[in-house]
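Next up, structure05.tsv (TSV, C-alpha atoms):
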chain	number	residue	atom	x	y	z
A	154	MET	CA	17.50	25.60	13.38
A	155	ALA	CA	19.56	27.93	15.53
A	156	GLN	CA	19.03	31.63	14.96
A	157	GLY	CA	21.33	33.05	12.36
A	158	ARG	CA	22.33	29.69	10.85
A	159	GLU	CA	21.43	28.37	7.45
A	160	ALA	CA	19.10	25.41	7.52
A	161	SER	CA	21.26	22.38	7.12
A	162	LEU	CA	19.70	19.00	7.32
A	163	SER	CA	21.98	16.91	5.21
A	164	PRO	CA	20.75	13.97	3.18
A	165	GLU	CA	23.61	11.92	4.60
A	166	THR	CA	22.08	12.42	8.04
A	167	ILE	CA	18.70	11.22	6.86
A	168	LEU	CA	20.24	8.17	5.23
A	169	ALA	CA	22.21	7.35	8.37
A	170	GLU	CA	19.01	7.48	10.42
A	171	LEU	CA	17.22	5.17	8.00
A	172	LYS	CA	20.07	2.66	8.17
A	173	LYS	CA	20.40	2.94	11.93
A	174	ASN	CA	16.72	2.11	12.31
A	175	GLY	CA	16.84	-0.91	10.01
A	176	ILE	CA	14.66	0.44	7.24
A	177	SER	CA	14.15	-2.03	4.41
A	178	HIS	CA	11.82	-0.13	2.06
A	179	VAL	CA	11.53	3.58	1.32
A	180	ILE	CA	8.11	4.28	-0.13
A	181	TRP	CA	8.07	7.68	-1.58
A	182	LEU	CA	6.98	10.30	-4.03
A	183	PRO	CA	9.62	12.92	-4.77
A	184	ASP	CA	9.46	15.96	-2.55
A	185	SER	CA	10.90	19.35	-3.39
A	186	GLU	CA	14.66	19.26	-3.66
A	187	THR	CA	15.10	15.62	-2.74
A	188	ASN	CA	17.22	14.57	-5.66
A	189	TRP	CA	20.48	14.21	-3.77
A	190	LEU	CA	18.76	12.13	-1.11
A	191	PHE	CA	17.27	10.04	-3.91
A	192	MET	CA	20.68	9.37	-5.38
A	193	LEU	CA	22.10	8.41	-1.99
A	194	MET	CA	19.22	6.07	-1.23
A	195	LYS	CA	19.43	4.52	-4.67
A	196	ALA	CA	23.07	3.70	-4.08
A	197	GLU	CA	22.38	2.13	-0.69
A	198	PRO	CA	22.07	-1.65	-1.11
A	199	SER	CA	20.10	-2.20	2.09
A	200	LEU	CA	17.21	-0.06	0.85
A	201	THR	CA	14.53	-0.86	-1.70
A	202	LEU	CA	13.00	2.29	-3.16
A	203	VAL	CA	9.36	2.05	-4.12
A	204	GLY	CA	8.10	5.06	-6.03
A	205	VAL	CA	4.35	5.61	-5.86
A	206	THR	CA	2.18	7.75	-8.10
A	207	ARG	CA	-0.08	9.18	-5.41
A	208	GLU	CA	0.87	9.58	-1.78
A	209	GLY	CA	-2.14	7.63	-0.56
A	210	LEU	CA	-0.71	4.53	-2.19
A	211	ALA	CA	2.35	4.86	0.03
A	212	PHE	CA	0.39	3.87	3.13
A	213	SER	CA	-1.14	0.74	1.63
A	214	THR	CA	2.30	-0.23	0.31
A	215	ALA	CA	3.82	0.34	3.73
A	216	ALA	CA	1.13	-1.82	5.34
A	217	GLY	CA	2.00	-4.64	2.97
A	218	VAL	CA	5.70	-4.33	3.66
A	219	TRP	CA	5.06	-4.44	7.39
A	220	ALA	CA	2.72	-7.42	7.06
A	221	GLY	CA	5.58	-9.31	5.45
A	222	GLY	CA	8.09	-8.40	8.12
A	223	GLY	CA	9.83	-5.51	6.40
A	224	LYS	CA	10.36	-2.12	7.95
A	225	PRO	CA	9.00	0.68	5.77
A	226	VAL	CA	9.37	4.42	5.89
A	227	VAL	CA	7.11	6.79	3.96
A	228	LEU	CA	8.69	9.87	2.44
A	229	VAL	CA	6.22	12.44	1.09
A	230	GLN	CA	5.43	16.13	1.14
A	231	ASN	CA	2.77	17.68	3.37
A	232	THR	CA	0.58	18.36	0.33
A	233	GLY	CA	0.57	14.66	-0.48
A	234	LEU	CA	0.01	13.73	3.12
A	235	MET	CA	-3.22	15.69	3.10
A	236	GLU	CA	-4.26	13.92	-0.10
A	237	SER	CA	-3.68	10.63	1.70
A	238	GLY	CA	-6.18	11.01	4.50
A	239	ASP	CA	-8.38	7.99	3.89
A	240	SER	CA	-5.46	5.73	3.09
A	241	LEU	CA	-3.64	6.84	6.22
A	242	ARG	CA	-6.80	6.16	8.21
A	243	GLY	CA	-7.56	2.76	6.75
A	244	TRP	CA	-4.21	1.21	5.88
A	245	ALA	CA	-1.96	2.61	8.60
A	246	LEU	CA	-4.06	3.60	11.61
A	247	GLY	CA	-6.72	0.96	10.96
A	248	LEU	CA	-4.25	-1.89	10.65
A	249	ASN	CA	-1.99	-0.73	13.50
A	250	VAL	CA	1.00	-0.31	11.21
A	251	PRO	CA	4.00	1.23	13.00
A	252	VAL	CA	5.30	3.37	10.18
A	253	VAL	CA	7.26	6.61	10.28
A	254	MET	CA	6.38	9.14	7.65
A	255	MET	CA	8.92	11.80	6.86
A	256	VAL	CA	6.97	14.75	5.62
A	257	GLY	CA	8.45	17.67	3.74
A	258	TYR	CA	7.00	20.71	5.47
A	259	ARG	CA	6.28	22.94	2.49
A	260	GLY	CA	5.68	26.52	3.50
A	261	TYR	CA	7.18	26.22	6.97
A	262	THR	CA	8.63	29.53	8.13
A	263	ARG	CA	9.49	28.88	11.79
A	264	HIS	CA	7.97	32.15	12.96
A	265	GLY	CA	4.46	30.93	12.25
A	266	VAL	CA	3.51	33.60	9.75
A	267	ASN	CA	3.24	31.79	6.47
A	268	THR	CA	1.72	32.43	3.11
A	269	ASP	CA	1.35	28.81	2.07
A	270	THR	CA	-1.78	26.96	3.12
A	271	ALA	CA	0.15	23.69	2.83
A	272	ALA	CA	1.93	24.76	6.00
A	273	THR	CA	-1.20	26.19	7.58
A	274	TYR	CA	-2.97	22.85	7.61
A	275	THR	CA	-0.13	20.39	8.13
A	276	GLU	CA	-0.09	20.20	11.90
A	277	ARG	CA	-3.85	20.61	12.09
A	278	PHE	CA	-4.18	17.61	9.78
A	279	LEU	CA	-1.90	15.47	11.94
A	280	ASN	CA	-3.68	16.57	15.09
A	281	ALA	CA	-7.03	15.66	13.56
A	282	PHE	CA	-5.77	12.11	13.01
A	283	GLY	CA	-4.18	11.98	16.46
A	284	ILE	CA	-0.76	11.41	14.95
A	285	ASN	CA	2.23	12.54	16.95
A	286	TYR	CA	5.00	14.39	15.14
A	287	TYR	CA	8.52	15.67	15.56
A	288	LEU	CA	10.02	18.69	13.88
A	289	VAL	CA	13.47	18.31	12.36
A	290	GLU	CA	15.22	21.46	11.15
A	291	ASP	CA	18.89	20.58	10.99
A	292	ASP	CA	21.38	17.80	11.67
A	293	GLY	CA	21.27	18.51	15.38
A	294	ASP	CA	17.63	17.42	15.41
A	295	ALA	CA	18.40	14.06	13.78
A	296	PRO	CA	17.97	12.02	17.01
A	297	ARG	CA	14.28	12.93	16.85
A	298	ILE	CA	14.03	10.67	13.81
A	299	SER	CA	15.11	7.69	15.89
A	300	ILE	CA	12.70	8.75	18.60
A	301	ALA	CA	9.91	8.68	16.02
A	302	PHE	CA	10.84	5.13	14.96
A	303	GLU	CA	10.93	3.98	18.57
A	304	GLU	CA	7.56	5.55	19.26
A	305	ALA	CA	5.96	4.00	16.18
A	306	ALA	CA	7.18	0.55	17.20
A	307	LYS	CA	6.03	0.99	20.77
A	308	THR	CA	2.59	2.41	19.98
A	309	LYS	CA	1.97	0.44	16.75
A	310	ARG	CA	0.85	3.65	15.12
A	311	PRO	CA	2.15	5.99	12.45
A	312	VAL	CA	4.41	8.79	13.68
A	313	ALA	CA	5.41	11.80	11.59
A	314	VAL	CA	8.72	13.58	11.20
A	315	LEU	CA	8.20	17.04	9.79
A	316	VAL	CA	11.20	18.06	7.75
A	317	ALA	CA	11.15	21.81	8.13
A	318	ASP	CA	11.31	24.13	5.18
A	319	GLU	CA	11.30	21.12	2.87
A	320	TYR	CA	14.68	19.70	2.03
A	321	HIS	CA	16.64	22.84	1.42
A	322	GLY	CA	20.23	22.02	0.74
A	323	PHE	CA	19.41	18.61	-0.65
A	324	ASN	CA	20.34	19.42	-4.22
A	325	ARG	CA	23.96	19.17	-5.17
B	12	MET	CA	-19.52	-13.82	-16.79
B	13	ILE	CA	-17.77	-15.86	-14.14
B	14	ASP	CA	-19.25	-16.74	-10.76
B	15	THR	CA	-16.73	-15.47	-8.22
B	16	ALA	CA	-17.30	-18.22	-5.66
B	17	GLU	CA	-16.92	-20.96	-8.27
B	18	MET	CA	-13.77	-19.33	-9.63
B	19	LEU	CA	-12.26	-19.16	-6.15
B	20	LYS	CA	-12.98	-22.86	-5.64
B	21	VAL	CA	-11.06	-23.63	-8.82
B	22	PHE	CA	-8.22	-21.34	-7.80
B	23	ASN	CA	-8.03	-22.97	-4.38
B	24	ARG	CA	-7.08	-26.31	-5.98
B	25	HIS	CA	-3.93	-24.66	-7.29
B	26	ARG	CA	-3.20	-22.30	-4.44
B	27	GLY	CA	-0.35	-24.23	-2.90
B	28	ASP	CA	1.07	-22.19	-0.03
B	29	ALA	CA	0.38	-18.80	-1.57
B	30	VAL	CA	-0.55	-15.90	0.68
B	31	VAL	CA	-3.98	-14.76	-0.53
B	32	ILE	CA	-5.47	-11.29	-0.29
B	33	PRO	CA	-9.07	-12.01	-1.29
B	34	GLY	CA	-10.18	-8.40	-1.66
B	35	ARG	CA	-13.78	-8.15	-2.83
B	36	GLY	CA	-13.88	-11.94	-3.06
B	37	GLY	CA	-13.36	-12.18	0.68
B	38	ARG	CA	-16.92	-13.05	1.58
B	39	HIS	CA	-16.63	-16.25	-0.46
B	40	TRP	CA	-12.99	-16.98	0.23
B	41	VAL	CA	-13.39	-17.25	4.01
B	42	GLY	CA	-15.57	-20.31	3.45
B	43	ILE	CA	-13.29	-21.85	0.82
B	44	SER	CA	-9.78	-21.36	2.13
B	45	THR	CA	-8.22	-24.13	4.15
B	46	GLN	CA	-5.23	-22.01	5.25
B	47	PRO	CA	-6.75	-18.98	6.98
B	48	ASN	CA	-3.47	-17.97	8.58
B	49	ARG	CA	-2.07	-17.43	5.10
B	50	ASP	CA	-5.04	-15.25	4.12
B	51	LEU	CA	-5.38	-11.51	4.50
B	52	PRO	CA	-9.12	-10.82	4.39
B	53	VAL	CA	-8.67	-7.16	5.22
B	54	GLY	CA	-11.98	-6.08	3.70
B	55	ASP	CA	-11.78	-2.53	2.43
B	56	PRO	CA	-9.39	-0.49	4.60
B	57	ALA	CA	-9.45	2.32	2.03
B	58	MET	CA	-10.50	1.89	-1.56
B	59	GLY	CA	-7.83	1.81	-4.22
B	60	GLY	CA	-5.00	0.45	-2.10
B	61	HIS	CA	-5.22	-3.33	-2.45
B	62	SER	CA	-2.70	-3.68	-5.25
B	63	SER	CA	-0.15	-1.49	-3.45
B	64	PHE	CA	-0.70	-3.52	-0.29
B	65	ALA	CA	-0.06	-6.73	-2.20
B	66	LEU	CA	3.02	-5.21	-3.80
B	67	GLY	CA	4.42	-4.23	-0.41
B	68	LEU	CA	3.92	-7.75	0.88
B	69	ALA	CA	5.44	-9.31	-2.23
B	70	LEU	CA	8.50	-7.07	-1.99
B	71	ALA	CA	8.99	-7.77	1.70
B	72	ARG	CA	8.65	-11.53	1.19
B	73	PRO	CA	10.09	-12.59	-2.17
B	74	ASP	CA	10.12	-16.15	-0.82
B	75	GLN	CA	6.31	-16.20	-0.73
B	76	LYS	CA	3.85	-16.33	-3.61
B	77	VAL	CA	1.33	-13.49	-3.15
B	78	VAL	CA	-2.08	-13.65	-4.84
B	79	LEU	CA	-4.42	-10.66	-4.89
B	80	PHE	CA	-8.07	-10.59	-5.98
B	81	ASP	CA	-8.50	-6.92	-6.79
B	82	SER	CA	-11.55	-5.15	-8.19
B	83	GLU	CA	-11.96	-2.80	-11.13
B	84	GLY	CA	-13.27	-0.05	-8.85
B	85	ASP	CA	-10.10	-0.30	-6.79
B	86	VAL	CA	-7.86	-0.34	-9.84
B	87	LEU	CA	-9.59	2.71	-11.30
B	88	MET	CA	-9.07	4.55	-8.03
B	89	GLY	CA	-5.39	3.66	-7.69
B	90	MET	CA	-4.42	3.07	-11.29
B	91	GLY	CA	-0.90	4.40	-10.87
B	92	ALA	CA	-0.10	1.34	-8.78
B	93	LEU	CA	0.05	-0.66	-12.00
B	94	ALA	CA	3.10	1.34	-13.08
B	95	THR	CA	4.75	0.92	-9.69
B	96	ILE	CA	4.17	-2.83	-9.71
B	97	ALA	CA	5.53	-3.12	-13.23
B	98	GLU	CA	8.59	-1.11	-12.27
B	99	GLN	CA	9.30	-3.31	-9.26
B	100	GLN	CA	8.68	-6.54	-11.22
B	101	PRO	CA	7.90	-8.77	-8.24
B	102	LYS	CA	8.23	-12.31	-9.54
B	103	ASN	CA	6.00	-13.58	-6.74
B	104	LEU	CA	2.95	-11.35	-7.35
B	105	TYR	CA	-0.19	-12.63	-9.07
B	106	HIS	CA	-2.69	-9.85	-9.61
B	107	PHE	CA	-6.20	-11.10	-10.37
B	108	LEU	CA	-8.89	-8.53	-11.15
B	109	LEU	CA	-12.56	-9.22	-10.42
B	110	ASP	CA	-14.37	-6.95	-12.87
B	111	ASN	CA	-18.12	-6.83	-12.27
B	112	GLU	CA	-18.46	-3.47	-14.08
B	113	CYS	CA	-20.07	-1.80	-11.09
B	114	TYR	CA	-19.79	-0.63	-7.50
B	115	ALA	CA	-21.63	-3.65	-6.12
B	116	THR	CA	-21.48	-2.71	-2.46
B	117	THR	CA	-23.16	0.63	-3.04
B	118	GLY	CA	-26.07	-0.66	-5.06
B	119	GLY	CA	-24.58	-1.53	-8.43
B	120	GLN	CA	-23.90	1.82	-10.05
B	121	PRO	CA	-21.62	1.36	-13.09
B	122	VAL	CA	-17.95	2.26	-12.79
B	123	PRO	CA	-16.80	4.87	-15.33
B	124	ASN	CA	-16.76	3.44	-18.86
B	125	ALA	CA	-17.68	0.10	-17.34
B	126	LYS	CA	-17.97	-1.94	-20.51
B	127	ASN	CA	-15.11	-0.47	-22.46
B	128	VAL	CA	-11.99	-0.43	-20.31
B	129	SER	CA	-9.45	-3.07	-21.29
B	130	TYR	CA	-7.82	-3.83	-17.97
B	131	ASP	CA	-5.36	-6.37	-19.30
B	132	GLY	CA	-4.39	-3.76	-21.88
B	133	LEU	CA	-3.81	-1.23	-19.10
B	134	ALA	CA	-1.59	-3.64	-17.21
B	135	ARG	CA	0.35	-4.52	-20.34
B	136	ALA	CA	0.82	-0.87	-21.22
B	137	CYS	CA	2.12	-0.17	-17.73
B	138	GLY	CA	4.71	-2.92	-18.09
B	139	TYR	CA	3.32	-6.20	-16.76
B	140	ALA	CA	5.11	-8.87	-18.72
B	141	ARG	CA	2.22	-11.31	-18.79
B	142	THR	CA	-1.49	-10.60	-18.86
B	143	HIS	CA	-4.55	-12.78	-19.33
B	144	ALA	CA	-8.27	-12.18	-19.76
B	145	PHE	CA	-11.15	-14.57	-19.08
B	146	ASP	CA	-14.90	-14.27	-19.26
B	147	ASN	CA	-15.79	-17.90	-18.67
B	148	LEU	CA	-14.87	-20.35	-15.97
B	149	GLU	CA	-14.08	-23.24	-18.27
B	150	ARG	CA	-11.13	-21.53	-19.91
B	151	PHE	CA	-9.92	-20.14	-16.62
B	152	SER	CA	-10.02	-23.63	-15.10
B	153	ILE	CA	-7.79	-24.93	-17.86
B	154	GLU	CA	-5.28	-22.07	-17.69
B	155	VAL	CA	-4.99	-21.20	-14.00
B	156	GLU	CA	-2.41	-23.84	-13.09
B	157	ARG	CA	-0.09	-22.69	-15.85
B	158	ILE	CA	-0.60	-19.04	-14.89
B	159	LEU	CA	0.39	-19.69	-11.29
B	160	ALA	CA	3.40	-21.76	-12.29
B	161	ALA	CA	4.97	-18.96	-14.32
B	162	PRO	CA	6.81	-16.04	-12.71
B	163	GLY	CA	5.06	-12.76	-11.92
B	164	PRO	CA	4.09	-10.08	-12.04
B	165	VAL	CA	1.05	-11.45	-13.79
B	166	PHE	CA	-2.25	-9.69	-14.37
B	167	VAL	CA	-5.41	-11.75	-14.83
B	168	TRP	CA	-8.58	-9.92	-15.81
B	169	LEU	CA	-11.75	-11.81	-14.91
B	170	LYS	CA	-15.22	-10.70	-15.94
B	171	VAL	CA	-17.38	-11.71	-12.99
B	172	ALA	CA	-21.11	-11.57	-12.31
B	173	PRO	CA	-22.06	-8.66	-10.06
B	174	GLU	CA	-23.35	-9.46	-6.60
B	175	VAL	CA	-25.08	-6.22	-5.81
B	176	GLU	CA	-25.88	-5.31	-2.24
B	177	ASN	CA	-28.69	-2.92	-1.48
B	178	LEU	CA	-29.26	-3.56	2.19
B	179	PRO	CA	-28.18	-0.95	4.71
B	180	ILE	CA	-24.67	-1.80	5.89
B	181	LYS	CA	-25.75	-2.79	9.39
B	182	GLU	CA	-28.17	-5.35	7.95
B	183	ARG	CA	-25.59	-7.08	5.74
B	184	ARG	CA	-24.04	-10.44	6.55
B	185	GLN	CA	-20.77	-9.93	8.34
B	186	TRP	CA	-18.40	-12.38	6.67
B	187	ARG	CA	-15.15	-11.51	8.36
B	188	LYS	CA	-14.12	-13.78	11.18
B	189	ARG	CA	-11.24	-11.57	12.32
B	190	ILE	CA	-10.63	-7.87	12.36
B	191	ALA	CA	-8.23	-6.80	9.64
B	192	ALA	CA	-5.43	-5.89	12.03
B	193	GLN	CA	-5.59	-9.37	13.54
B	194	ALA	CA	-5.27	-10.94	10.10
B	195	LEU	CA	-1.97	-9.11	9.64
B	196	LEU	CA	-0.72	-10.29	13.01
B	197	ASP	CA	-1.73	-13.87	12.21
B	198	LEU	CA	0.14	-13.72	8.92
B	199	ARG	CA	3.26	-12.31	10.56
B	200	LYS	CA	3.17	-15.20	12.99
B	201	GLU	CA	2.64	-17.68	10.19
B	202	LEU	CA	5.61	-16.23	8.31
B	203	ARG	CA	7.66	-16.31	11.51
B	204	VAL	CA	8.10	-12.55	11.58
B	205	ASP	CA	6.67	-12.46	15.10
B	206	PRO	CA	7.09	-15.21	17.68

Rewrite the coordinates I just gave you, this time as structure tokens.
Amino acid sequence: MAQGREASLSPETILAELKKNGISHVIWLPDSETNWLFMLMKAEPSLTLVGVTREGLAFSTAAGVWAGGGKPVVLVQNTGLMESGDSLRGWALGLNVPVVMMVGYRGYTRHGVNTDTAATYTERFLNAFGINYYLVEDDGDAPRISIAFEEAAKTKRPVAVLVADEYHGFNR
Amino acid sequence: MIDTAEMLKVFNRHRGDAVVIPGRGGRHWVGISTQPNRDLPVGDPAMGGHSSFALGLALARPDQKVVLFDSEGDVLMGMGALATIAEQQPKNLYHFLLDNECYATTGGQPVPNAKNVSYDGLARACGYARTHAFDNLERFSIEVERILAAPGPVFVWLKVAPEVENLPIKERRQWRKRIAAQALLDLRKELRVDP
């Protein structure tokens, strides 16, 4: 996000990236302020939305989708990502599943001084698993989402997109 | 109580071309199946995820019948998956549950409330349209063809005899012939996803 500008990562941008990258299934658990994105995705006929009840189940679901030839994306919050550690290890890393996970970065403040431990541990968690990640703050960063998809396909590993400051602006 | 290996032999007669995720029945299934490239003996990538994995596959390939042999320990760990499966209503998913009332691979400790959980009731309450329960092989043998001929999602609760393992892991028989990741690649090739 450029200094002095409001964070503006529009849900339309996210949806366009998902379509551009041929996503077939969005496996997700609602993040903060994702309702407008949810409505857009629900109206998009090329996407199947699969709502899970715990984030860990998203990775096993994604592995199954990939095994069948679909192209999944996982959409969760950083809190849920941390809950998913063993599933991420076993079902995604262990089975070489090239999945992009878009992670709402709860607590992100840009200047690094945060009061939310969800933010404190997010990047440390990803680093511990050796998972590469890209930070997306506004629409100008959207090409990084495609880069993440390309990298996942090339490396046959999960790649994360950290959606900064959650999805502010996603409610309408 | 049903003998898992004998049940899988009966099932195999009616398998057709179904993709099979043998779950905790894998150690027997690898010696029974005649279509290994349509099997996903992934072992235990992370407990609790088998039914979600099967759902993902069923959703990605509605043209394929998907059969899962889940366990009660896995279901208890990822119980919310039942609601997700019921919401998605995959007509090609057949969810069999091998309930031995214990964590057999860790020495046979009972799962919580082992003798009192009604798993077919859970599935029904979550929204599975059809559920079945069997505690003997004879009845299962009579019904299985009809179960597999009807549309999913179907939940089939099977009370099976525990096969408890107490040996250290490194001393146990290694039943898998492929690593789990290779099984996925083989299936993708079989389904013509990959050349």

At a cut-off of 8 Å, list the chain A residues touching chain B, using all atoms listed in the file, as number ranges by chain. A: 203-207, 209-211, 213-223, 239-240, 242-244, 247-249

Please produce an output containing C-alpha atoms for each residue in the selection, written as a PDB file, keeping the file's coordinate frame.
ATOM      1  CA  VAL A 203       9.360   2.050  -4.120  1.00  0.00           C
ATOM      2  CA  GLY A 204       8.100   5.060  -6.030  1.00  0.00           C
ATOM      3  CA  VAL A 205       4.350   5.610  -5.860  1.00  0.00           C
ATOM      4  CA  THR A 206       2.180   7.750  -8.100  1.00  0.00           C
ATOM      5  CA  ARG A 207      -0.080   9.180  -5.410  1.00  0.00           C
ATOM      6  CA  GLY A 209      -2.140   7.630  -0.560  1.00  0.00           C
ATOM      7  CA  LEU A 210      -0.710   4.530  -2.190  1.00  0.00           C
ATOM      8  CA  ALA A 211       2.350   4.860   0.030  1.00  0.00           C
ATOM      9  CA  SER A 213      -1.140   0.740   1.630  1.00  0.00           C
ATOM     10  CA  THR A 214       2.300  -0.230   0.310  1.00  0.00           C
ATOM     11  CA  ALA A 215       3.820   0.340   3.730  1.00  0.00           C
ATOM     12  CA  ALA A 216       1.130  -1.820   5.340  1.00  0.00           C
ATOM     13  CA  GLY A 217       2.000  -4.640   2.970  1.00  0.00           C
ATOM     14  CA  VAL A 218       5.700  -4.330   3.660  1.00  0.00           C
ATOM     15  CA  TRP A 219       5.060  -4.440   7.390  1.00  0.00           C
ATOM     16  CA  ALA A 220       2.720  -7.420   7.060  1.00  0.00           C
ATOM     17  CA  GLY A 221       5.580  -9.310   5.450  1.00  0.00           C
ATOM     18  CA  GLY A 222       8.090  -8.400   8.120  1.00  0.00           C
ATOM     19  CA  GLY A 223       9.830  -5.510   6.400  1.00  0.00           C
ATOM     20  CA  ASP A 239      -8.380   7.990   3.890  1.00  0.00           C
ATOM     21  CA  SER A 240      -5.460   5.730   3.090  1.00  0.00           C
ATOM     22  CA  ARG A 242      -6.800   6.160   8.210  1.00  0.00           C
ATOM     23  CA  GLY A 243      -7.560   2.760   6.750  1.00  0.00           C
ATOM     24  CA  TRP A 244      -4.210   1.210   5.880  1.00  0.00           C
ATOM     25  CA  GLY A 247      -6.720   0.960  10.960  1.00  0.00           C
ATOM     26  CA  LEU A 248      -4.250  -1.890  10.650  1.00  0.00           C
ATOM     27  CA  ASN A 249      -1.990  -0.730  13.500  1.00  0.00           C
TER      28      ASN A 249
END

Find the residues of range 39-157 of chain B that sit at most 6 Å from range 19-33 of chain B; for each, write down the nearest two atoms and how far apart they are in Å, to one decimal. Count only C-alpha atoms. Sort by chain, then by number going up, and give it as CSV.
residue,atom,partner,partner_atom,distance
B:Arg49,CA,B:Val30,CA,4.9
B:Asp50,CA,B:Val31,CA,4.8
B:Leu51,CA,B:Ile32,CA,4.8
B:Pro52,CA,B:Pro33,CA,5.8
B:Lys76,CA,B:Ala29,CA,4.7
B:Val77,CA,B:Val30,CA,4.9
B:Val78,CA,B:Val31,CA,4.8
B:Leu79,CA,B:Ile32,CA,4.8
B:Phe80,CA,B:Pro33,CA,5.0

What's the 8 Å shell around range 153-169 of chain B, counting all atoms listed in the file, without same-chain residues fewer than 5 positions away, as a ChimeraX atom specification? /B:13,22,25,96-97,100-110,130-131,134,139-146

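Closest to Ala301 in chain A among A:Ala196, A:Ala281, A:Leu246, A:Met255 is A:Met255, based on all atoms listed in the file.
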
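Each of B:Cys137, B:Gln46, B:Met88, B:Gly36 was checked against Thr116 in chain B using only C-alpha atoms; the smallest atom-to-atom distance is that of B:Gly36.
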
Name the closest residue to Glu290 in chain A among the candidates A:Leu190, A:Val252, A:Val316, A:Ala305; distances are taken between atoms, counting all atoms listed in the file.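 Selected residue with least distance to Glu290 in chain A: A:Val316.
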
Write out as a VMD selection string each polymer residue whose atoms come within 9 Å of Tyr114 in chain B, counting only C-alpha atoms; drop sequence neighbours fewer than 4 positions from it. chain B and resid 83 to 84 118 to 122 173 175

What's around Asp292 in chain A at 7 Å? Count all atoms listed in the file, leave out sequence neighbours fewer than 6 positions away in its own chain, and write the answer as a PyMOL selection string. chain A and resi 161-163+166

Write out as a PyMOL selection string which residues come within 7 Å of Asn111 in chain B when counting all atoms listed in the file, dropping same-chain ones fewer than 3 positions away. chain B and resi 170-173

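The residues that lie within 9 Å of the point (-10.1, 15.0, 8.4), counting only C-alpha atoms, are A:Met235, A:Gly238, A:Asp239, A:Phe278, A:Leu279, A:Ala281, A:Phe282.
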
Coordinates-based distance that separates CA of Leu148 in chain B from CA of Ala125 in chain B (Å, one decimal):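 CA of Ala125 in chain B sits 20.7 Å away from CA of Leu148 in chain B.
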
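A straight line drawn from CA of Leu241 in chain A to CA of Ile284 in chain A is 10.3 Å long.
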
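For the pair CA of Trp40 in chain B and CA of Ala16 in chain B, the interatomic distance is 7.4 Å.
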